[in-house]
$ cat final13.cif   # mmCIF, C-alpha atoms
data_protein
#
loop_
_atom_site.label_atom_id
_atom_site.label_comp_id
_atom_site.auth_asym_id
_atom_site.auth_seq_id
_atom_site.Cartn_x
_atom_site.Cartn_y
_atom_site.Cartn_z
CA MET A 1 5.18 -132.84 78.16
CA GLN A 2 7.87 -132.37 80.75
CA THR A 3 7.42 -129.58 83.28
CA PHE A 4 10.04 -127.78 85.31
CA ALA A 5 10.05 -125.89 88.59
CA SER A 6 11.74 -122.91 86.99
CA LYS A 7 13.33 -121.65 83.75
CA ALA A 8 16.72 -122.27 85.34
CA ALA A 9 15.82 -125.92 85.97
CA GLU A 10 14.59 -126.27 82.38
CA LYS A 11 17.79 -124.76 81.03
CA ASN A 12 19.92 -127.02 83.21
CA TYR A 13 18.04 -130.13 82.05
CA TYR A 14 18.36 -129.46 78.32
CA GLU A 15 21.97 -128.29 78.48
CA GLN A 16 23.29 -131.06 80.73
CA GLU A 17 20.90 -134.03 80.86
CA ALA A 18 18.89 -134.25 77.65
CA SER A 19 20.16 -135.73 74.39
CA GLU A 20 21.82 -133.39 71.94
CA GLN A 21 18.86 -133.61 69.55
CA GLU A 22 16.46 -132.72 72.38
CA PHE A 23 18.72 -129.82 73.30
CA LEU A 24 18.84 -128.49 69.72
CA THR A 25 15.06 -128.68 69.37
CA TRP A 26 14.63 -126.80 72.65
CA TYR A 27 17.37 -124.30 71.81
CA ALA A 28 15.76 -123.39 68.49
CA LYS A 29 12.60 -122.40 70.36
CA GLN A 30 14.13 -120.85 73.45
CA ASP A 31 17.45 -119.14 72.90
CA ARG A 32 18.35 -118.74 69.25
CA PRO A 33 15.62 -116.22 68.37
CA THR A 34 16.91 -113.89 71.09
CA TYR A 35 20.24 -113.40 69.27
CA GLU A 36 20.45 -111.24 66.19
CA THR A 37 22.21 -113.06 63.35
CA PRO A 38 24.90 -111.15 61.44
CA SER A 39 25.45 -111.38 57.71
CA VAL A 40 28.86 -112.63 56.60
CA THR A 41 30.74 -111.43 53.55
CA VAL A 42 34.12 -112.14 51.99
CA ASP A 43 36.62 -109.75 50.43
CA ASN A 44 39.76 -110.53 48.47
CA VAL A 45 42.97 -108.51 48.19
CA ILE A 46 44.29 -109.77 44.84
CA LEU A 47 47.85 -108.85 43.87
CA ALA A 48 49.56 -109.68 40.58
CA TYR A 49 52.94 -108.99 39.01
CA ASN A 50 52.72 -106.70 35.98
CA PRO A 51 55.47 -107.76 33.52
CA ASP A 52 55.22 -104.47 31.62
CA THR A 53 55.96 -102.24 34.61
CA HIS A 54 57.77 -104.84 36.77
CA ARG A 55 55.55 -103.74 39.64
CA VAL A 56 52.74 -105.36 41.59
CA ASN A 57 49.18 -104.30 40.80
CA LEU A 58 45.95 -104.53 42.84
CA LEU A 59 42.63 -105.69 41.38
CA LEU A 60 39.55 -103.61 42.21
CA ILE A 61 35.98 -103.53 40.99
CA GLN A 62 33.80 -100.45 40.62
CA ARG A 63 30.44 -100.95 42.30
CA LYS A 64 27.33 -100.43 40.19
CA ALA A 65 24.83 -100.50 43.05
CA HIS A 66 24.24 -98.96 46.46
CA PRO A 67 25.76 -98.76 48.99
CA ASP A 68 28.89 -96.89 47.87
CA LEU A 69 27.66 -96.68 44.29
CA HIS A 70 30.55 -96.07 41.83
CA HIS A 71 33.16 -96.52 44.56
CA TRP A 72 36.09 -98.89 44.04
CA ALA A 73 36.07 -102.05 46.12
CA LEU A 74 37.80 -105.34 46.72
CA PRO A 75 36.05 -108.20 44.92
CA GLY A 76 33.64 -109.97 47.27
CA SER A 77 30.11 -110.30 48.58
CA PHE A 78 27.90 -112.43 50.81
CA LEU A 79 28.71 -115.94 51.96
CA ASP A 80 26.37 -118.79 51.00
CA LYS A 81 25.58 -121.30 53.75
CA THR A 82 26.81 -124.17 51.56
CA GLU A 83 30.39 -122.87 51.23
CA ASP A 84 33.35 -121.91 53.36
CA THR A 85 34.87 -118.44 53.15
CA THR A 86 37.66 -119.41 50.75
CA GLN A 87 35.17 -120.99 48.36
CA ALA A 88 33.02 -117.87 48.59
CA ALA A 89 35.99 -115.59 47.92
CA ILE A 90 36.94 -117.58 44.81
CA ARG A 91 33.34 -117.70 43.59
CA GLU A 92 32.78 -113.99 44.05
CA VAL A 93 36.00 -113.09 42.26
CA PHE A 94 34.91 -115.18 39.29
CA GLU A 95 31.38 -113.72 39.25
CA GLU A 96 32.62 -110.13 39.42
CA THR A 97 35.81 -110.35 37.31
CA HIS A 98 35.66 -113.68 35.36
CA LEU A 99 38.99 -114.51 36.95
CA LYS A 100 39.56 -118.11 38.07
CA ILE A 101 41.84 -118.47 41.10
CA ASP A 102 43.63 -121.56 42.37
CA PRO A 103 42.51 -122.16 46.00
CA LYS A 104 46.16 -122.83 46.93
CA ARG A 105 46.92 -119.17 46.28
CA VAL A 106 44.25 -117.84 48.65
CA ASP A 107 45.00 -117.20 52.34
CA GLN A 108 42.72 -115.79 55.00
CA LEU A 109 43.89 -112.33 55.98
CA GLU A 110 41.61 -111.25 58.85
CA THR A 111 38.05 -111.20 60.15
CA VAL A 112 36.58 -107.71 60.52
CA ALA A 113 33.56 -107.19 62.77
CA THR A 114 33.77 -103.46 63.42
CA PRO A 115 30.28 -102.16 64.36
CA GLY A 116 28.76 -99.99 61.65
CA ARG A 117 31.25 -101.03 58.97
CA ASP A 118 28.42 -101.66 56.49
CA PRO A 119 25.36 -99.36 56.26
CA ARG A 120 23.13 -102.34 55.35
CA GLY A 121 23.34 -103.70 58.89
CA TRP A 122 25.45 -106.03 61.02
CA VAL A 123 27.95 -107.43 58.52
CA ILE A 124 31.11 -109.34 59.38
CA THR A 125 33.65 -109.86 56.61
CA VAL A 126 36.43 -112.42 56.23
CA ALA A 127 39.17 -110.83 54.14
CA HIS A 128 41.56 -112.89 52.03
CA LEU A 129 44.94 -112.25 50.41
CA THR A 130 45.85 -113.73 47.02
CA TYR A 131 49.17 -113.62 45.14
CA LEU A 132 49.10 -114.25 41.38
CA PRO A 133 52.33 -114.84 39.40
CA ASN A 134 50.61 -113.92 36.14
CA PHE A 135 48.77 -110.79 35.04
CA PRO A 136 45.39 -112.02 33.81
CA GLU A 137 42.79 -110.08 31.90
CA THR A 138 39.50 -109.46 33.70
CA GLN A 139 35.94 -108.69 32.68
CA ALA A 140 33.26 -107.06 34.85
CA GLY A 141 30.25 -109.12 35.86
CA ASP A 142 27.53 -109.42 38.51
CA ASP A 143 27.46 -106.20 40.59
CA ALA A 144 30.75 -104.86 39.19
CA ALA A 145 30.46 -102.03 36.67
CA ARG A 146 34.20 -102.16 35.88
CA THR A 147 37.32 -104.05 36.84
CA GLN A 148 40.80 -102.59 36.81
CA TRP A 149 44.35 -103.35 37.88
CA PHE A 150 45.92 -100.47 39.83
CA ASP A 151 49.47 -99.59 40.70
CA PHE A 152 50.04 -98.63 44.33
CA SER A 153 52.65 -97.49 46.83
CA VAL A 154 53.09 -98.11 50.55
CA ASP A 155 53.82 -95.44 53.14
CA PRO A 156 56.92 -96.69 55.02
CA GLU A 157 55.79 -95.03 58.26
CA THR A 158 52.08 -95.81 58.46
CA LEU A 159 52.14 -98.88 56.14
CA GLU A 160 49.02 -97.51 54.46
CA LEU A 161 48.53 -98.61 50.86
CA HIS A 162 47.90 -95.73 48.44
CA ILE A 163 46.30 -96.62 45.11
CA SER A 164 47.28 -94.60 42.05
CA GLY A 165 44.25 -92.65 40.85
CA VAL A 166 41.91 -93.76 43.64
CA PRO A 167 41.70 -91.50 46.71
CA ASP A 168 40.80 -93.19 49.99
CA GLN A 169 37.35 -91.58 50.02
CA LEU A 170 36.48 -93.44 46.81
CA LEU A 171 37.22 -96.84 48.35
CA ALA A 172 34.07 -98.65 49.44
CA PHE A 173 33.24 -99.58 53.03
CA ASP A 174 36.38 -100.09 55.17
CA HIS A 175 38.48 -101.52 52.36
CA ALA A 176 41.26 -98.99 52.97
CA GLU A 177 41.71 -100.56 56.43
CA ILE A 178 41.71 -104.08 54.96
CA LEU A 179 44.39 -103.02 52.50
CA LYS A 180 46.44 -101.58 55.35
CA LYS A 181 46.17 -104.92 57.15
CA ALA A 182 47.39 -106.70 54.01
CA SER A 183 50.33 -104.30 53.86
CA GLN A 184 51.16 -105.01 57.52
CA VAL A 185 51.02 -108.77 56.96
CA ILE A 186 53.40 -108.46 54.02
CA GLN A 187 55.78 -106.31 56.11
CA GLU A 188 55.80 -108.96 58.84
CA SER A 189 56.51 -111.66 56.29
CA PHE A 190 59.84 -110.13 55.23
CA GLU A 191 61.61 -111.76 58.17
CA VAL A 192 59.39 -114.84 58.55
CA LYS A 193 57.87 -116.37 55.42
CA PRO A 194 57.86 -114.04 52.39
CA LYS A 195 54.86 -115.50 50.56
CA TRP A 196 54.84 -112.41 48.34
CA LEU A 197 57.68 -114.07 46.41
CA ASN A 198 54.94 -116.22 44.87
CA LEU A 199 54.08 -113.15 42.78
CA LEU A 200 57.23 -113.66 40.71
CA PRO A 201 57.04 -115.26 37.27
CA PRO A 202 58.65 -118.68 36.68
CA VAL A 203 61.97 -117.02 35.76
CA PHE A 204 62.88 -113.65 37.23
CA SER A 205 65.80 -111.34 37.86
CA TRP A 206 67.09 -110.27 41.25
CA GLN A 207 66.20 -106.73 40.23
CA ALA A 208 62.54 -107.79 40.07
CA VAL A 209 62.74 -109.06 43.66
CA GLU A 210 64.28 -105.78 44.82
CA THR A 211 61.65 -103.76 42.96
CA ILE A 212 58.74 -105.62 44.55
CA ALA A 213 60.33 -105.48 48.00
CA LYS A 214 60.79 -101.72 47.67
CA GLN A 215 57.18 -101.29 46.53
CA PHE A 216 55.83 -103.23 49.51
CA SER A 217 58.12 -101.63 52.10
CA GLY A 218 58.25 -98.08 50.77
CA ARG A 219 62.05 -98.10 50.96
CA LYS A 220 65.06 -99.87 49.50
CA ILE A 221 65.81 -102.98 51.59
CA SER A 222 68.20 -104.95 49.38
CA GLU A 223 70.51 -105.94 52.24
CA GLN A 224 67.64 -107.22 54.38
CA ILE A 225 66.50 -109.64 51.69
CA ALA A 226 69.86 -110.73 50.28
CA HIS A 227 69.54 -114.13 52.02
CA TYR A 228 66.46 -114.92 49.92
CA ARG A 229 68.76 -116.02 47.09
CA GLU A 230 70.09 -118.91 49.15
CA MET A 231 66.92 -119.74 51.05
CA TYR A 232 64.24 -119.61 48.38
CA MET A 233 65.81 -119.42 44.92
CA ILE A 234 67.94 -121.34 42.47
CA PRO A 235 69.84 -119.77 39.53
CA VAL A 236 68.49 -120.92 36.19
CA ASN A 237 70.66 -119.10 33.66
CA THR A 238 72.78 -116.02 33.13
CA GLU A 239 73.25 -113.57 30.34
CA LYS A 240 75.70 -110.77 29.75
CA GLN A 241 74.72 -107.43 31.18
CA GLY A 242 75.04 -104.79 28.46
CA ASP A 243 78.44 -104.67 26.76
CA THR A 244 80.30 -105.97 29.83
CA ASP A 245 81.30 -109.48 30.74
CA LYS A 246 79.45 -109.22 34.06
CA PRO A 247 76.68 -111.85 34.09
CA HIS A 248 73.13 -110.96 34.99
CA ALA A 249 71.64 -113.78 37.04
CA PHE A 250 68.14 -115.14 36.72
CA PHE A 251 66.34 -117.28 39.25
CA SER A 252 63.32 -119.43 39.91
CA LEU A 253 61.75 -120.36 43.25
CA LYS A 254 62.83 -123.65 44.73
CA ALA A 255 59.18 -124.29 45.61
CA PRO A 256 56.02 -122.30 46.29
CA ILE A 257 56.30 -120.52 49.64
#
$ encode --input "final13.cif" --output "structure tokens"
Amino acid sequence: MQTFASKAAEKNYYEQEASEQEFLTWYAKQDRPTYETPSVTVDNVILAYNPDTHRVNLLLIQRKAHPDLHHWALPGSFLDKTEDTTQAAIREVFEETHLKIDPKRVDQLETVATPGRDPRGWVITVAHLTYLPNFPETQAGDDAARTQWFDFSVDPETLELHISGVPDQLLAFDHAEILKKASQVIQESFEVKPKWLNLLPPVFSWQAVETIAKQFSGRKISEQIAHYREMYMIPVNTEKQGDTDKPHAFFSLKAPI
């Protein structure tokens, strides 16, 4: 067994001179136990276009267990060590809502490591943002007592997302802050890469685009997004608007954004 003149000499040897396997064996005994390991969760902000109201809805689950019993929450839970965060987000959504999501529609939103954000202990969450062009039915499962699609509005000044029928105090954990971050990301995308257009059905009217843009921004911004027609859309057909000869244009996306 090798001996060292000091702990510093031992540390120097294993970090700089030993093989990687020797280092890992030493590290497991020396350093790793001194660091507390956090738990990691995933959360998913899932948005879908409601064809009945022509507005975007948010999917929430109602928790049936502590902590935050009966509060509304974003679908999500703990990460398994055999999966990445996107896989975990998709798995948890299916377990809690029976909704299958295409991985191509899931983007990482942010990592939240605010101390004390979860009363169970040190929990870091990786939040995701998902846009669905359809409005699927859901069914509660796992630790979800209920699932529900909610209408919402955005405050144009604070960019906070307000859910119809769900006061902020009935949102679990720090999910109100995660929703605000999602709102901010969507605001920033208006001038860069408006991925929220992926919410639109295969064929849509320009009025639908304006309605969604107003819902996300909290104000009418038709002039700011007029260039979308040339950049991202192609006309697919027209029909007469009412009793006039003025055509009403319909579009589809040139490609997913």
$ residues_around --input "final13.cif" --residues "Tyr13 in chain A" --least-positions-apart "4" --cutoff "9 Å" --atoms "all atoms listed in the file" --output "list of chain:residue names"
A:Phe4, A:Ala8, A:Ala9, A:Glu17, A:Ala18, A:Phe23
$ resolve_selection --input "final13.cif" --expression "the PyMOL selection byres ((chain A and resi 110-125) around 12)" --output "PyMOL selection string"
chain A and resi 36-45+66-68+74+76-79+85-86+88-89+107-109+126-129+172-182+184-185
$ atom_distance --input "final13.cif" --atom1 "CA of Val56 in chain A" --atom2 "CA of Asp168 in chain A"
19.0 Å
$ residues_around --input "final13.cif" --residues "range 198-210 of chain A" --least-positions-apart "3" --cutoff "9 Å" --atoms "all atoms listed in the file" --output "PyMOL selection string"
chain A and resi 47-49+51+54-56+105+131-134+194-195+213-215+220-222+225+229+236+248-253+256-257
$ closest_residue --input "final13.cif" --among "A:Thr130, A:Asn12, A:Thr147, A:Ser164" --to "Gln62 in chain A" --atoms "all atoms listed in the file"
A:Thr147
$ resolve_selection --input "final13.cif" --expression "the PyMOL selection byres ((chain A and resi 154) around 8)" --output "PyMOL selection string"
chain A and resi 152-153+155-156+159-162+183+215-218
$ resolve_selection --input "final13.cif" --expression "the PyMOL selection byres ((chain A and resi 94-97) around 7)" --output "PDB file with C-alpha atoms, keeping the file's coordinate frame"
ATOM      1  CA  PRO A  75      36.050-108.200  44.920  1.00  0.00           C
ATOM      2  CA  ILE A  90      36.940-117.580  44.810  1.00  0.00           C
ATOM      3  CA  ARG A  91      33.340-117.700  43.590  1.00  0.00           C
ATOM      4  CA  GLU A  92      32.780-113.990  44.050  1.00  0.00           C
ATOM      5  CA  VAL A  93      36.000-113.090  42.260  1.00  0.00           C
ATOM      6  CA  HIS A  98      35.660-113.680  35.360  1.00  0.00           C
ATOM      7  CA  LEU A  99      38.990-114.510  36.950  1.00  0.00           C
ATOM      8  CA  LYS A 100      39.560-118.110  38.070  1.00  0.00           C
ATOM      9  CA  THR A 138      39.500-109.460  33.700  1.00  0.00           C
ATOM     10  CA  GLN A 139      35.940-108.690  32.680  1.00  0.00           C
ATOM     11  CA  ALA A 140      33.260-107.060  34.850  1.00  0.00           C
ATOM     12  CA  GLY A 141      30.250-109.120  35.860  1.00  0.00           C
ATOM     13  CA  ASP A 142      27.530-109.420  38.510  1.00  0.00           C
ATOM     14  CA  ASP A 143      27.460-106.200  40.590  1.00  0.00           C
ATOM     15  CA  ALA A 144      30.750-104.860  39.190  1.00  0.00           C
ATOM     16  CA  THR A 147      37.320-104.050  36.840  1.00  0.00           C
TER      17      THR A 147
END
$ atom_distance --input "final13.cif" --atom1 "CA of Glu15 in chain A" --atom2 "CA of Asp80 in chain A"
29.4 Å
$ atom_distance --input "final13.cif" --atom1 "CA of Lys81 in chain A" --atom2 "CA of Val106 in chain A"
19.7 Å
$ closest_residue --input "final13.cif" --among "A:Leu197, A:Glu191, A:Ile61, A:Thr82" --to "Leu171 in chain A" --atoms "all atoms listed in the file"
A:Ile61
$ residues_around --input "final13.cif" --residues "Lys254 in chain A" --least-positions-apart "4" --cutoff "9 Å" --atoms "all atoms listed in the file" --output "list in words"
Met231, Tyr232, Met233 and Ile234 of chain A
$ closest_residue --input "final13.cif" --among "A:Leu59, A:Leu24, A:Ile46, A:Ala65" --to "Ile101 in chain A" --atoms "all atoms listed in the file"
A:Ile46
$ closest_residue --input "final13.cif" --among "A:Tyr14, A:Ala255, A:Trp72, A:His227" --to "Gly165 in chain A" --atoms "only C-alpha atoms"
A:Trp72
$ closest_residue --input "final13.cif" --among "A:Glu188, A:Asp151, A:Glu83, A:Asp102" --to "Asn57 in chain A" --atoms "all atoms listed in the file"
A:Asp151
$ closest_residue --input "final13.cif" --among "A:Asn237, A:Ser6, A:Thr211, A:Gln224" --to "Thr53 in chain A" --atoms "all atoms listed in the file"
A:Thr211
$ decode --input "final13.cif" --residues "range 129-205 of chain A" --atoms "C-alpha atoms" --output "PDB file, in the first residue's frame"
ATOM      1  CA  LEU A 129     -41.104  23.710 -22.880  1.00  0.00           C
ATOM      2  CA  THR A 130     -43.302  21.762 -25.300  1.00  0.00           C
ATOM      3  CA  TYR A 131     -45.523  23.057 -28.128  1.00  0.00           C
ATOM      4  CA  LEU A 132     -48.303  20.764 -29.379  1.00  0.00           C
ATOM      5  CA  PRO A 133     -50.219  21.543 -32.607  1.00  0.00           C
ATOM      6  CA  ASN A 134     -53.096  19.305 -31.552  1.00  0.00           C
ATOM      7  CA  PHE A 135     -55.326  19.322 -28.484  1.00  0.00           C
ATOM      8  CA  PRO A 136     -55.091  15.795 -27.069  1.00  0.00           C
ATOM      9  CA  GLU A 137     -57.225  14.233 -24.392  1.00  0.00           C
ATOM     10  CA  THR A 138     -55.461  13.343 -21.150  1.00  0.00           C
ATOM     11  CA  GLN A 139     -56.070  10.937 -18.289  1.00  0.00           C
ATOM     12  CA  ALA A 140     -54.637  11.199 -14.771  1.00  0.00           C
ATOM     13  CA  GLY A 141     -52.165   8.574 -13.622  1.00  0.00           C
ATOM     14  CA  ASP A 142     -49.318   7.956 -11.172  1.00  0.00           C
ATOM     15  CA  ASP A 143     -49.276  10.775  -8.578  1.00  0.00           C
ATOM     16  CA  ALA A 144     -51.741  12.982 -10.478  1.00  0.00           C
ATOM     17  CA  ALA A 145     -55.268  13.130  -9.080  1.00  0.00           C
ATOM     18  CA  ARG A 146     -56.536  15.104 -12.097  1.00  0.00           C
ATOM     19  CA  THR A 147     -55.308  16.561 -15.363  1.00  0.00           C
ATOM     20  CA  GLN A 148     -56.734  19.643 -16.997  1.00  0.00           C
ATOM     21  CA  TRP A 149     -56.086  22.068 -19.831  1.00  0.00           C
ATOM     22  CA  PHE A 150     -56.272  25.702 -18.687  1.00  0.00           C
ATOM     23  CA  ASP A 151     -56.667  28.965 -20.528  1.00  0.00           C
ATOM     24  CA  PHE A 152     -54.257  31.700 -19.459  1.00  0.00           C
ATOM     25  CA  SER A 153     -53.254  35.306 -20.052  1.00  0.00           C
ATOM     26  CA  VAL A 154     -49.923  37.110 -19.867  1.00  0.00           C
ATOM     27  CA  ASP A 155     -49.315  40.402 -18.084  1.00  0.00           C
ATOM     28  CA  PRO A 156     -47.651  42.667 -20.699  1.00  0.00           C
ATOM     29  CA  GLU A 157     -45.633  44.498 -18.035  1.00  0.00           C
ATOM     30  CA  THR A 158     -44.384  41.721 -15.757  1.00  0.00           C
ATOM     31  CA  LEU A 159     -44.706  38.864 -18.304  1.00  0.00           C
ATOM     32  CA  GLU A 160     -46.255  36.754 -15.557  1.00  0.00           C
ATOM     33  CA  LEU A 161     -48.576  34.008 -16.757  1.00  0.00           C
ATOM     34  CA  HIS A 162     -51.982  34.008 -15.053  1.00  0.00           C
ATOM     35  CA  ILE A 163     -53.990  30.789 -15.252  1.00  0.00           C
ATOM     36  CA  SER A 164     -57.769  31.034 -15.428  1.00  0.00           C
ATOM     37  CA  GLY A 165     -59.253  29.553 -12.260  1.00  0.00           C
ATOM     38  CA  VAL A 166     -55.919  28.800 -10.566  1.00  0.00           C
ATOM     39  CA  PRO A 167     -54.528  31.481  -8.235  1.00  0.00           C
ATOM     40  CA  ASP A 168     -50.747  31.583  -7.858  1.00  0.00           C
ATOM     41  CA  GLN A 169     -50.947  30.255  -4.299  1.00  0.00           C
ATOM     42  CA  LEU A 170     -52.471  27.026  -5.607  1.00  0.00           C
ATOM     43  CA  LEU A 171     -49.537  26.355  -7.930  1.00  0.00           C
ATOM     44  CA  ALA A 172     -47.104  23.819  -6.501  1.00  0.00           C
ATOM     45  CA  PHE A 173     -43.485  24.556  -5.614  1.00  0.00           C
ATOM     46  CA  ASP A 174     -42.007  27.388  -7.726  1.00  0.00           C
ATOM     47  CA  HIS A 175     -43.967  26.544 -10.852  1.00  0.00           C
ATOM     48  CA  ALA A 176     -45.298  30.102 -11.151  1.00  0.00           C
ATOM     49  CA  GLU A 177     -41.684  31.244 -11.638  1.00  0.00           C
ATOM     50  CA  ILE A 178     -41.046  28.513 -14.217  1.00  0.00           C
ATOM     51  CA  LEU A 179     -44.139  29.630 -16.117  1.00  0.00           C
ATOM     52  CA  LYS A 180     -42.902  33.211 -16.023  1.00  0.00           C
ATOM     53  CA  LYS A 181     -39.596  32.050 -17.507  1.00  0.00           C
ATOM     54  CA  ALA A 182     -41.489  30.260 -20.287  1.00  0.00           C
ATOM     55  CA  SER A 183     -43.412  33.464 -20.962  1.00  0.00           C
ATOM     56  CA  GLN A 184     -40.149  35.445 -21.132  1.00  0.00           C
ATOM     57  CA  VAL A 185     -38.604  32.942 -23.557  1.00  0.00           C
ATOM     58  CA  ILE A 186     -41.643  33.202 -25.815  1.00  0.00           C
ATOM     59  CA  GLN A 187     -41.470  37.016 -25.697  1.00  0.00           C
ATOM     60  CA  GLU A 188     -37.810  36.911 -26.730  1.00  0.00           C
ATOM     61  CA  SER A 189     -38.635  34.560 -29.580  1.00  0.00           C
ATOM     62  CA  PHE A 190     -40.928  37.068 -31.313  1.00  0.00           C
ATOM     63  CA  GLU A 191     -37.940  38.783 -32.938  1.00  0.00           C
ATOM     64  CA  VAL A 192     -35.607  35.779 -33.166  1.00  0.00           C
ATOM     65  CA  LYS A 193     -37.118  32.348 -33.768  1.00  0.00           C
ATOM     66  CA  PRO A 194     -40.859  32.139 -33.028  1.00  0.00           C
ATOM     67  CA  LYS A 195     -41.064  28.430 -32.181  1.00  0.00           C
ATOM     68  CA  TRP A 196     -44.531  29.050 -30.754  1.00  0.00           C
ATOM     69  CA  LEU A 197     -45.776  29.000 -34.354  1.00  0.00           C
ATOM     70  CA  ASN A 198     -45.429  25.215 -34.080  1.00  0.00           C
ATOM     71  CA  LEU A 199     -48.618  25.342 -32.007  1.00  0.00           C
ATOM     72  CA  LEU A 200     -50.643  26.080 -35.144  1.00  0.00           C
ATOM     73  CA  PRO A 201     -52.624  23.310 -36.851  1.00  0.00           C
ATOM     74  CA  PRO A 202     -51.604  22.131 -40.339  1.00  0.00           C
ATOM     75  CA  VAL A 203     -53.836  24.779 -41.951  1.00  0.00           C
ATOM     76  CA  PHE A 204     -54.570  28.025 -40.133  1.00  0.00           C
ATOM     77  CA  SER A 205     -55.791  31.558 -40.661  1.00  0.00           C
TER      78      SER A 205
END
